[in-house]
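Undergrad: I'd like to ask you about the structure that follows.
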Amino acid sequence: MTKVLNRLANIAMPVRLSEALYTRDRDIDVDYESLDYEIHIPTLNEEEYIEDTLESLYRQDPVKNGDVGLILIDSYSTDDTVNIAREYVDDVLFSPRGILTARNMGIEESKPDVVLSADAGDIYSEGWVDEIAKPFEDDNVVAAFGNIYSKDPLFTRPQKIKHSIVNTWNLPGNNSAVRTSVLKNIGNFETDLDQQELIQVLLEEQITKKFQFSVMGEVAYRPYAAMYKSQRRKMLSGPEHNNYKRQKEEGIRF
């Protein structure tokens, strides 16, 4: 019942009210002793964006206290991404290119019980780590996801509408957590696809895997596990969008 009410409230509330409510830190207690939790961030040439993301995660108590590891999975960036990240992360792993390839490799190399998935360019609200980790104290929970808002004021309202209608029903790769034993059981992320094609990645990561996880157990909706998404992929014009689009077409960005 609470889950349904939270979804209805998130759909109905004005964007600023929704943000004010769901991005606040509720200071909840999480048992970090029983499971090994890690945050994984795949990167490829993210020197302009990675520090803000890492700062938003590093300042959270479970990361600062060493309860939750912060892992960068880099696809051999040619810029300063890795050097910037080393100040914040517990480890840097290197993976062949492809965001799904990187996610799989991070799990295979690091072997955590639960992976919290984050993306470069996005900002994570205070309490995000606790909120998205908490459901896994219940053995029936196999995945969790939270609310997505826009980091760019131009997209504040469209992103809220999109999240209210779409994102609460899928498993967003930039704001989710999964129990790795279950992910392995359903075959990890499919990598035999064009990982430079956003639609193919979204279908695999957010739609197919959400369905597969739902069959295996509970997928928990955590509205207070909120973050602010970079809109660099969606901006219709301007230097930032054009530069990102060119680099993505050249295969030097995810």
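Letters A, B, ... mark the chains of the structure tokens in the order given; residue numbers begin at 1 per chain; ligand numbers begin at 1, in order shown.
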So that I can check the surroundings of Ser181 in chain A, please list as a PyMOL selection string every protein, DNA and RNA residue that reaches within 9 Å of it, counting only C-alpha atoms and ignoring chain neighbours fewer than 4 positions away.

TA: chain A and resi 113-114+142+185-186

Undergrad: Write out as a ChimeraX atom specification all residues of range 14-103 of chain A that DSSP puts in strand (DSSP E or B) for this structure's backbone.

TA: /A:37-43,68-74,91-94

Undergrad: Would you save the residues from that selection as an mmCIF file, in the first residue's frame, using N, CA and C atoms?

TA:
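The resulting again_25.cif:
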data_model
loop_
_atom_site.group_PDB
_atom_site.id
_atom_site.type_symbol
_atom_site.label_atom_id
_atom_site.label_comp_id
_atom_site.auth_asym_id
_atom_site.auth_seq_id
_atom_site.Cartn_x
_atom_site.Cartn_y
_atom_site.Cartn_z
ATOM 1 N N TYR A 37 28.272 -4.197 0.169
ATOM 2 C CA TYR A 37 27.696 -3.232 -0.768
ATOM 3 C C TYR A 37 28.804 -2.442 -1.464
ATOM 4 N N GLU A 38 28.628 -2.204 -2.768
ATOM 5 C CA GLU A 38 29.553 -1.340 -3.516
ATOM 6 C C GLU A 38 28.779 -0.469 -4.490
ATOM 7 N N ILE A 39 29.303 0.729 -4.718
ATOM 8 C CA ILE A 39 28.793 1.607 -5.770
ATOM 9 C C ILE A 39 29.712 1.462 -6.974
ATOM 10 N N HIS A 40 29.157 1.165 -8.130
ATOM 11 C CA HIS A 40 29.936 1.020 -9.359
ATOM 12 C C HIS A 40 29.595 2.139 -10.335
ATOM 13 N N ILE A 41 30.632 2.775 -10.877
ATOM 14 C CA ILE A 41 30.452 3.849 -11.857
ATOM 15 C C ILE A 41 31.278 3.539 -13.098
ATOM 16 N N PRO A 42 30.640 3.155 -14.204
ATOM 17 C CA PRO A 42 31.377 2.944 -15.457
ATOM 18 C C PRO A 42 31.738 4.300 -16.078
ATOM 19 N N THR A 43 32.935 4.411 -16.612
ATOM 20 C CA THR A 43 33.351 5.686 -17.210
ATOM 21 C C THR A 43 34.130 5.472 -18.504
ATOM 22 N N VAL A 68 30.454 1.216 2.507
ATOM 23 C CA VAL A 68 30.105 0.962 1.104
ATOM 24 C C VAL A 68 31.275 1.393 0.232
ATOM 25 N N GLY A 69 31.793 0.477 -0.557
ATOM 26 C CA GLY A 69 32.920 0.786 -1.431
ATOM 27 C C GLY A 69 32.494 1.605 -2.633
ATOM 28 N N LEU A 70 33.399 2.437 -3.112
ATOM 29 C CA LEU A 70 33.157 3.274 -4.289
ATOM 30 C C LEU A 70 34.153 2.845 -5.363
ATOM 31 N N ILE A 71 33.635 2.255 -6.440
ATOM 32 C CA ILE A 71 34.482 1.624 -7.459
ATOM 33 C C ILE A 71 34.261 2.281 -8.815
ATOM 34 N N LEU A 72 35.350 2.700 -9.438
ATOM 35 C CA LEU A 72 35.298 3.211 -10.808
ATOM 36 C C LEU A 72 35.649 2.073 -11.751
ATOM 37 N N ILE A 73 34.840 1.885 -12.787
ATOM 38 C CA ILE A 73 35.125 0.872 -13.807
ATOM 39 C C ILE A 73 35.353 1.617 -15.108
ATOM 40 N N ASP A 74 36.592 1.798 -15.446
ATOM 41 C CA ASP A 74 36.947 2.680 -16.557
ATOM 42 C C ASP A 74 37.333 1.883 -17.802
ATOM 43 N N ASP A 91 38.785 1.835 -5.468
ATOM 44 C CA ASP A 91 39.505 1.028 -6.449
ATOM 45 C C ASP A 91 39.115 1.472 -7.850
ATOM 46 N N VAL A 92 40.035 1.270 -8.787
ATOM 47 C CA VAL A 92 39.766 1.503 -10.205
ATOM 48 C C VAL A 92 39.960 0.180 -10.932
ATOM 49 N N LEU A 93 38.918 -0.266 -11.611
ATOM 50 C CA LEU A 93 39.002 -1.454 -12.444
ATOM 51 C C LEU A 93 38.964 -1.018 -13.899
ATOM 52 N N PHE A 94 39.577 -1.802 -14.774
ATOM 53 C CA PHE A 94 39.590 -1.461 -16.197
ATOM 54 C C PHE A 94 38.844 -2.518 -16.991
#

Undergrad: Go through A:Glu190, A:Gln159, A:Asn10, A:Ser230 one by one, measure the shortest atom-to-atom distance of each to Tyr49 in chain A using only C-alpha atoms, and give the residue with the smallest value.

TA: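 When distances to Tyr49 in chain A are compared using only C-alpha atoms, the smallest one comes from A:Ser230.
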
Undergrad: Can I get the residues of range 167-205 of chain A within 10 Å of range 101-108 of chain A, each with the closest pair of atoms and their distance in Å to one decimal, using only C-alpha atoms, sorted chain first then ascending number, as CSV?

TA:
residue,atom,partner,partner_atom,distance
A:Gly173,CA,A:Arg103,CA,9.8
A:Thr180,CA,A:Ile107,CA,7.2
A:Ser181,CA,A:Ile107,CA,9.8
A:Leu183,CA,A:Asn104,CA,9.4
A:Lys184,CA,A:Asn104,CA,9.2
A:Gly187,CA,A:Asn104,CA,10.0
A:Asn188,CA,A:Asn104,CA,6.5
A:Phe189,CA,A:Asn104,CA,6.4
A:Glu190,CA,A:Thr101,CA,8.3
A:Thr191,CA,A:Thr101,CA,6.0
A:Asp192,CA,A:Thr101,CA,9.4
A:Gln195,CA,A:Thr101,CA,8.6
